[in-house]
Amino acid sequence: MIRNLMYPVIFVLLSGFPGCSDNIRTAPVLILATDTDFGTYTTEILKTEGFNEFVADSLSGKNITVSFLEQFDLVILAESKIGPRKLTMIRKYIKNGGKLISVHPVPELAELFGILSRGRSITDGFIRIDTTMKQGLGLSSRLLQFHGKTDCYTLQGAVSLANMVTDKVSGESFPAVVTNTYMKGNTVAFLYNLPQNIVFTRQGNPLHAGLEKDGIPGLRGMDLFTDGWLDNSNNAINQADEQMVLLSHCIEYLMEDSKPLPRLWYFPDTLKCLVTLTNDGEYKSESDFEHQFRDVDSMGAKMSLYILGVEKVSRAWVDKWTARGFEIAGHPDDTKEAANPTWNRMDSALMTRKKEIVTNYGLTMRTNVNHWFVWCGKDTAGKQEFGAQAKLEEKNGIEMDINYAHYDIKSNQGKHFLGPPGTNQGNFTGSGQVMKFADSRGKTINVYQHLNAVYDQEYNESHDPEGFFNCFKGLMDRSLNNEVYSFISVKSHNDEYYFSRSPLMKMIAYANLHSIPVRTELELLDFIKMRDEASFTRISWVSNKLAFNINSSLKNK
């Protein structure tokens, strides 16, 4: 079902299941990580890839011994500082037959991975996956960006699964991902910090936080992708997702002589795509929204509406459309300080809109789009923090953010710095997945990031309704046919419905043709939360039969 896998793997299709409990919570995978250096973000990658059969601990934990490690089929070690006693423990675990995936390992463990340090490192660059190797089957052989520091090694018995290239001109390369057999054990090493790279690729450059960079009025999340941070030639292949899938292949490779691991599929049921539809209400009233809502509803689709002026929308109208499955939420407005949004003012804007939504409509505001996509890039002390906006949303009980949007008209970064328009437009965050934010120090923020890739204003200002549709069609076709999977978010402002109505109806009709649901961000949030919270327990592999339980405290609504 995914990337021409040759390993035994069982995908579990999740459309919703009743909550249940299981007192015995065994797990075949152990993740050793801390919040430092994005270590615990490894758990977000595994959940996104559907490997929900892990437990997480810290290498410094008192119970971390060789005998404890040997209870697991696989250990994943995030970037960590490791003392002499723990180094000896890890070596002994591998010698005894352990299986280890290490992220940006310390040089003292180089022998386990069959590599020899060259005594140098590089910052940023490109990675090329070897698609002739079993672990690289079905993946892209193009150069993929990575952000962060990586150490340079030569092979000393290891097999390279991917190489790092310092730049596109010199062609100088070093191993990036290697696999090795050591004594009785098997290892894989990502020689760069994979979780950090995923966060930086999805969220942008942390050094650009709180700075106006793209020349478009107002600080936005898109300012974080300027000055060469983004190689937009790779947008259509989701370069962050490719590297996460490579990790999945490595997990399956190490497990192939043990037992297959069940995995949750990305989307509900057997779907290969899912579409959400949003509408920023701006200064319009319910009578303005009615026509658009009826059009959308008549096609069997649903929509999220982010209201700026609650005085123009009645409780009765909201009740009518939420009963039909539409989402009504607030549209926080901090545009008065758009050029320099501060923590306190943005916090006030979020609280104000949230209070209005609950007071006027009795609704909880769980997903969010800010007016003008204004993005706070400073923490409580006024220091740069590219996760500040997500932290503010977490503080205010918001669980999903849709403020990253493909809009680069009239930028000082050159024409279409976020990527080409139309059929070839991809996801400038390098990802079609919905994952949580992290702050610049590597701590996961309990707010999901969903890119608004199909943005009406981008195409309206270009007078290109066909491009608006083709952008959507390209993303969907690649998801359906090329395994470049995406949760697709479409923006259709009521203000611009004169432009977007025709292409929007074509989008919904195209989704209907392929039996792809068009739903609200709230429905997507509920699914993603249930998928990520689910766990596999009581996994057994006996006589070539795999058995397991699925547990969740959440229920499908």
# chains A, B, ... in the order shown; residues from 1 in each chain; ligands from 1
call {"tool": "residues_around", "arguments": {"residues": "Gly330 of chain A", "least_positions_apart": "2", "cutoff": "10 Å", "atoms": "only C-alpha atoms", "output": "list in words"}}
result
Asp280, Gly281, Leu305, Tyr306, Ile307, Leu308, Gly309, Val310, Ile328, Pro332, Asp333, Leu350, Thr352, Arg353, Lys354, Lys355, Glu356, Ile357, Val358, Leu363, Thr364, Met365, Arg366, Thr367, Asn368, Val369, Asn370 and His371 of chain A
call {"tool": "residues_around", "arguments": {"residues": "Pro465 of chain A", "least_positions_apart": "2", "cutoff": "8 Å", "atoms": "only C-alpha atoms", "output": "PDB file with N, CA and C atoms, in the first residue's frame"}}
result
ATOM      1  N   TYR A 459      -4.341  32.818  -6.068  1.00  0.00           N
ATOM      2  CA  TYR A 459      -4.756  32.659  -7.455  1.00  0.00           C
ATOM      3  C   TYR A 459      -5.701  33.773  -7.905  1.00  0.00           C
ATOM      4  N   ASN A 460      -6.433  34.350  -6.973  1.00  0.00           N
ATOM      5  CA  ASN A 460      -7.298  35.474  -7.316  1.00  0.00           C
ATOM      6  C   ASN A 460      -6.462  36.666  -7.777  1.00  0.00           C
ATOM      7  N   HIS A 463      -5.309  36.243 -11.124  1.00  0.00           N
ATOM      8  CA  HIS A 463      -6.402  36.082 -12.102  1.00  0.00           C
ATOM      9  C   HIS A 463      -6.334  34.705 -12.767  1.00  0.00           C
ATOM     10  N   GLY A 467      -5.733  27.756 -12.369  1.00  0.00           N
ATOM     11  CA  GLY A 467      -4.588  27.387 -11.541  1.00  0.00           C
ATOM     12  C   GLY A 467      -5.002  26.999 -10.143  1.00  0.00           C
ATOM     13  N   PHE A 468      -6.017  27.680  -9.607  1.00  0.00           N
ATOM     14  CA  PHE A 468      -6.555  27.355  -8.278  1.00  0.00           C
ATOM     15  C   PHE A 468      -7.048  25.912  -8.250  1.00  0.00           C
ATOM     16  N   PHE A 469      -7.809  25.535  -9.266  1.00  0.00           N
ATOM     17  CA  PHE A 469      -8.281  24.146  -9.343  1.00  0.00           C
ATOM     18  C   PHE A 469      -7.125  23.181  -9.576  1.00  0.00           C
ATOM     19  N   PHE A 499     -14.761  34.883  -7.243  1.00  0.00           N
ATOM     20  CA  PHE A 499     -13.668  34.265  -7.994  1.00  0.00           C
ATOM     21  C   PHE A 499     -13.614  32.751  -7.798  1.00  0.00           C
ATOM     22  N   SER A 500     -13.787  32.320  -6.556  1.00  0.00           N
ATOM     23  CA  SER A 500     -13.476  30.928  -6.218  1.00  0.00           C
ATOM     24  C   SER A 500     -14.634  29.952  -6.420  1.00  0.00           C
ATOM     25  N   SER A 502     -16.557  28.845  -8.916  1.00  0.00           N
ATOM     26  CA  SER A 502     -16.473  27.865  -9.997  1.00  0.00           C
ATOM     27  C   SER A 502     -15.358  26.845  -9.762  1.00  0.00           C
ATOM     28  N   PRO A 503     -14.106  27.277  -9.493  1.00  0.00           N
ATOM     29  CA  PRO A 503     -13.067  26.267  -9.234  1.00  0.00           C
ATOM     30  C   PRO A 503     -13.340  25.445  -7.977  1.00  0.00           C
TER      31      PRO A 503
END
call {"tool": "select_by_dssp", "arguments": {"residues": "segment 232-450 of chain A", "states": "helix (DSSP H, G or I)", "output": "JSON, numbers by chain"}}
result
{"A": [232, 233, 234, 235, 236, 237, 239, 240, 241, 242, 243, 244, 245, 246, 247, 248, 249, 250, 251, 252, 253, 254, 255, 286, 287, 288, 289, 290, 291, 292, 293, 294, 295, 296, 297, 298, 310, 311, 312, 315, 316, 317, 318, 319, 320, 321, 322, 323, 335, 336, 337, 343, 344, 345, 346, 347, 348, 349, 350, 351, 352, 353, 354, 355, 356, 357, 358, 359, 360, 361, 371, 372, 373, 388, 389, 390, 391, 392, 393, 394, 395, 422, 423, 424]}
call {"tool": "residues_around", "arguments": {"residues": "segment 292-302 of chain A", "least_positions_apart": "2", "cutoff": "7 Å", "atoms": "only C-alpha atoms", "output": "VMD selection string"}}
result
chain A and resid 277 289 to 290 325 to 326 508 518 to 520
call {"tool": "write_last_selection", "arguments": {"atoms": "N, CA and C atoms", "output": "PDB file, in the first residue's frame"}}
result
ATOM      1  N   LEU A 277     -11.975  22.110   4.151  1.00  0.00           N
ATOM      2  CA  LEU A 277     -12.360  23.354   3.498  1.00  0.00           C
ATOM      3  C   LEU A 277     -12.575  24.426   4.555  1.00  0.00           C
ATOM      4  N   PHE A 289     -22.707  34.515   4.090  1.00  0.00           N
ATOM      5  CA  PHE A 289     -22.195  33.146   4.153  1.00  0.00           C
ATOM      6  C   PHE A 289     -23.196  32.127   3.613  1.00  0.00           C
ATOM      7  N   GLU A 290     -24.461  32.439   3.682  1.00  0.00           N
ATOM      8  CA  GLU A 290     -25.517  31.464   3.402  1.00  0.00           C
ATOM      9  C   GLU A 290     -25.367  30.833   2.016  1.00  0.00           C
ATOM     10  N   GLY A 325     -23.148  19.771  10.366  1.00  0.00           N
ATOM     11  CA  GLY A 325     -21.783  19.258  10.338  1.00  0.00           C
ATOM     12  C   GLY A 325     -20.719  20.286  10.011  1.00  0.00           C
ATOM     13  N   PHE A 326     -21.101  21.576   9.884  1.00  0.00           N
ATOM     14  CA  PHE A 326     -20.132  22.630   9.629  1.00  0.00           C
ATOM     15  C   PHE A 326     -19.484  23.060  10.955  1.00  0.00           C
ATOM     16  N   ILE A 508     -14.656  20.141  -5.349  1.00  0.00           N
ATOM     17  CA  ILE A 508     -15.518  19.228  -4.587  1.00  0.00           C
ATOM     18  C   ILE A 508     -16.024  18.104  -5.484  1.00  0.00           C
ATOM     19  N   VAL A 518     -14.760  15.766   1.873  1.00  0.00           N
ATOM     20  CA  VAL A 518     -14.380  17.171   2.077  1.00  0.00           C
ATOM     21  C   VAL A 518     -15.033  17.594   3.383  1.00  0.00           C
ATOM     22  N   ARG A 519     -14.224  17.825   4.407  1.00  0.00           N
ATOM     23  CA  ARG A 519     -14.742  17.984   5.751  1.00  0.00           C
ATOM     24  C   ARG A 519     -14.171  19.221   6.442  1.00  0.00           C
ATOM     25  N   THR A 520     -14.495  19.384   7.712  1.00  0.00           N
ATOM     26  CA  THR A 520     -14.025  20.529   8.488  1.00  0.00           C
ATOM     27  C   THR A 520     -12.688  20.221   9.150  1.00  0.00           C
TER      28      THR A 520
END
call {"tool": "closest_residue", "arguments": {"among": "A:Phe200, A:Phe126, A:Tyr404, A:Phe536", "to": "Val55 of chain A", "atoms": "only C-alpha atoms"}}
result
A:Phe536
call {"tool": "residues_around", "arguments": {"residues": "Thr179 of chain A", "least_positions_apart": "2", "cutoff": "6 Å", "atoms": "only C-alpha atoms", "output": "list of chain:residue names"}}
result
A:Ala158, A:Val159, A:Thr187, A:Val188
call {"tool": "write_last_selection", "arguments": {"atoms": "C-alpha atoms", "output": "mmCIF file, in the first residue's frame"}}
result
data_model
loop_
_atom_site.group_PDB
_atom_site.id
_atom_site.type_symbol
_atom_site.label_atom_id
_atom_site.label_comp_id
_atom_site.auth_asym_id
_atom_site.auth_seq_id
_atom_site.Cartn_x
_atom_site.Cartn_y
_atom_site.Cartn_z
ATOM 1 C CA ALA A 158 28.641 -0.268 7.116
ATOM 2 C CA VAL A 159 26.332 -0.094 4.119
ATOM 3 C CA THR A 187 22.130 -1.174 13.763
ATOM 4 C CA VAL A 188 20.941 1.764 11.712
#
call {"tool": "residues_around", "arguments": {"residues": "Ser102 of chain A", "least_positions_apart": "5", "cutoff": "7 Å", "atoms": "only C-alpha atoms", "output": "number ranges by chain"}}
result
A: 76-78, 188-190
call {"tool": "write_last_selection", "arguments": {"atoms": "N, CA, C and O atoms", "output": "PDB file, in the first residue's frame"}}
result
ATOM      1  N   ILE A  76      15.155   2.702  19.788  1.00  0.00           N
ATOM      2  CA  ILE A  76      15.468   3.906  19.016  1.00  0.00           C
ATOM      3  C   ILE A  76      16.066   4.923  19.983  1.00  0.00           C
ATOM      4  O   ILE A  76      15.424   5.319  20.959  1.00  0.00           O
ATOM      5  N   LEU A  77      17.290   5.327  19.712  1.00  0.00           N
ATOM      6  CA  LEU A  77      18.021   6.240  20.589  1.00  0.00           C
ATOM      7  C   LEU A  77      18.114   7.601  19.921  1.00  0.00           C
ATOM      8  O   LEU A  77      18.754   7.760  18.881  1.00  0.00           O
ATOM      9  N   ALA A  78      17.441   8.605  20.501  1.00  0.00           N
ATOM     10  CA  ALA A  78      17.511   9.967  19.982  1.00  0.00           C
ATOM     11  C   ALA A  78      18.858  10.585  20.323  1.00  0.00           C
ATOM     12  O   ALA A  78      19.643  10.029  21.112  1.00  0.00           O
ATOM     13  N   VAL A 188      21.150   0.732  12.734  1.00  0.00           N
ATOM     14  CA  VAL A 188      20.941   1.764  11.712  1.00  0.00           C
ATOM     15  C   VAL A 188      21.257   3.089  12.373  1.00  0.00           C
ATOM     16  O   VAL A 188      20.873   3.325  13.526  1.00  0.00           O
ATOM     17  N   ALA A 189      21.949   3.969  11.668  1.00  0.00           N
ATOM     18  CA  ALA A 189      22.252   5.293  12.204  1.00  0.00           C
ATOM     19  C   ALA A 189      21.863   6.369  11.197  1.00  0.00           C
ATOM     20  O   ALA A 189      22.278   6.314  10.033  1.00  0.00           O
ATOM     21  N   PHE A 190      21.056   7.322  11.654  1.00  0.00           N
ATOM     22  CA  PHE A 190      20.837   8.571  10.929  1.00  0.00           C
ATOM     23  C   PHE A 190      21.893   9.529  11.455  1.00  0.00           C
ATOM     24  O   PHE A 190      21.852   9.895  12.640  1.00  0.00           O
TER      25      PHE A 190
END
call {"tool": "decode", "arguments": {"residues": "segment 71-84 of chain A", "atoms": "all heavy atoms", "output": "short mmCIF file (atom, residue, chain, number, x, y, z; two decimals), in the first residue's frame"}}
result
data_model
loop_
_atom_site.label_atom_id
_atom_site.label_comp_id
_atom_site.auth_asym_id
_atom_site.auth_seq_id
_atom_site.Cartn_x
_atom_site.Cartn_y
_atom_site.Cartn_z
N GLN A 71 14.24 -6.50 26.66
CA GLN A 71 12.81 -6.81 26.65
C GLN A 71 12.12 -6.34 25.37
O GLN A 71 11.01 -6.76 25.07
CB GLN A 71 12.12 -6.15 27.85
CG GLN A 71 12.59 -6.63 29.21
CD GLN A 71 11.91 -5.87 30.34
OE1 GLN A 71 10.72 -5.56 30.27
NE2 GLN A 71 12.66 -5.54 31.37
N PHE A 72 12.80 -5.47 24.62
CA PHE A 72 12.20 -4.86 23.43
C PHE A 72 12.83 -5.45 22.17
O PHE A 72 14.00 -5.84 22.15
CB PHE A 72 12.40 -3.34 23.45
CG PHE A 72 11.74 -2.67 24.63
CD1 PHE A 72 12.43 -2.52 25.83
CD2 PHE A 72 10.44 -2.23 24.56
CE1 PHE A 72 11.83 -1.91 26.92
CE2 PHE A 72 9.82 -1.63 25.64
CZ PHE A 72 10.52 -1.48 26.83
N ASP A 73 12.04 -5.48 21.11
CA ASP A 73 12.54 -5.96 19.82
C ASP A 73 13.42 -4.92 19.15
O ASP A 73 14.29 -5.26 18.35
CB ASP A 73 11.38 -6.30 18.89
CG ASP A 73 10.53 -7.45 19.39
OD1 ASP A 73 11.11 -8.50 19.71
OD2 ASP A 73 9.30 -7.28 19.49
N LEU A 74 13.19 -3.65 19.45
CA LEU A 74 13.92 -2.57 18.80
C LEU A 74 14.04 -1.39 19.75
O LEU A 74 13.07 -1.04 20.44
CB LEU A 74 13.17 -2.13 17.53
CG LEU A 74 13.70 -0.91 16.79
CD1 LEU A 74 15.07 -1.19 16.18
CD2 LEU A 74 12.73 -0.48 15.69
N VAL A 75 15.21 -0.78 19.78
CA VAL A 75 15.45 0.44 20.57
C VAL A 75 15.80 1.57 19.61
O VAL A 75 16.63 1.40 18.70
CB VAL A 75 16.59 0.24 21.59
CG1 VAL A 75 16.91 1.56 22.30
CG2 VAL A 75 16.21 -0.84 22.60
N ILE A 76 15.16 2.70 19.79
CA ILE A 76 15.47 3.91 19.02
C ILE A 76 16.07 4.92 19.98
O ILE A 76 15.42 5.32 20.96
CB ILE A 76 14.22 4.49 18.33
CG1 ILE A 76 13.62 3.46 17.37
CG2 ILE A 76 14.57 5.77 17.59
CD1 ILE A 76 12.34 3.91 16.70
N LEU A 77 17.29 5.33 19.71
CA LEU A 77 18.02 6.24 20.59
C LEU A 77 18.11 7.60 19.92
O LEU A 77 18.75 7.76 18.88
CB LEU A 77 19.43 5.69 20.87
CG LEU A 77 20.38 6.57 21.69
CD1 LEU A 77 19.82 6.83 23.08
CD2 LEU A 77 21.76 5.93 21.76
N ALA A 78 17.44 8.61 20.50
CA ALA A 78 17.51 9.97 19.98
C ALA A 78 18.86 10.58 20.32
O ALA A 78 19.64 10.03 21.11
CB ALA A 78 16.38 10.81 20.56
N GLU A 79 19.16 11.74 19.72
CA GLU A 79 20.41 12.42 20.02
C GLU A 79 20.53 12.65 21.52
O GLU A 79 19.63 13.20 22.15
CB GLU A 79 20.48 13.75 19.28
CG GLU A 79 21.77 14.51 19.53
CD GLU A 79 21.94 15.73 18.65
OE1 GLU A 79 21.38 15.74 17.53
OE2 GLU A 79 22.62 16.68 19.08
N SER A 80 21.65 12.20 22.10
CA SER A 80 21.83 12.25 23.55
C SER A 80 23.31 12.37 23.89
O SER A 80 24.17 11.87 23.16
CB SER A 80 21.28 10.97 24.22
OG SER A 80 19.94 10.74 23.89
N LYS A 81 23.58 13.02 25.01
CA LYS A 81 24.91 12.96 25.60
C LYS A 81 24.96 11.69 26.45
O LYS A 81 24.09 11.45 27.27
CB LYS A 81 25.17 14.19 26.47
CG LYS A 81 25.21 15.49 25.67
CD LYS A 81 25.45 16.69 26.59
CE LYS A 81 25.47 17.99 25.79
NZ LYS A 81 25.66 19.18 26.66
N ILE A 82 26.00 10.88 26.24
CA ILE A 82 26.04 9.56 26.87
C ILE A 82 27.32 9.40 27.67
O ILE A 82 28.42 9.59 27.13
CB ILE A 82 25.94 8.44 25.80
CG1 ILE A 82 24.73 8.68 24.89
CG2 ILE A 82 25.85 7.08 26.47
CD1 ILE A 82 24.62 7.68 23.76
N GLY A 83 27.17 9.06 28.92
CA GLY A 83 28.33 8.84 29.79
C GLY A 83 28.94 7.47 29.56
O GLY A 83 28.37 6.60 28.90
N PRO A 84 30.13 7.23 30.11
CA PRO A 84 30.86 5.97 29.89
C PRO A 84 30.07 4.73 30.26
O PRO A 84 30.12 3.71 29.55
CB PRO A 84 32.11 6.13 30.77
CG PRO A 84 32.28 7.61 30.92
CD PRO A 84 30.90 8.18 30.93
#
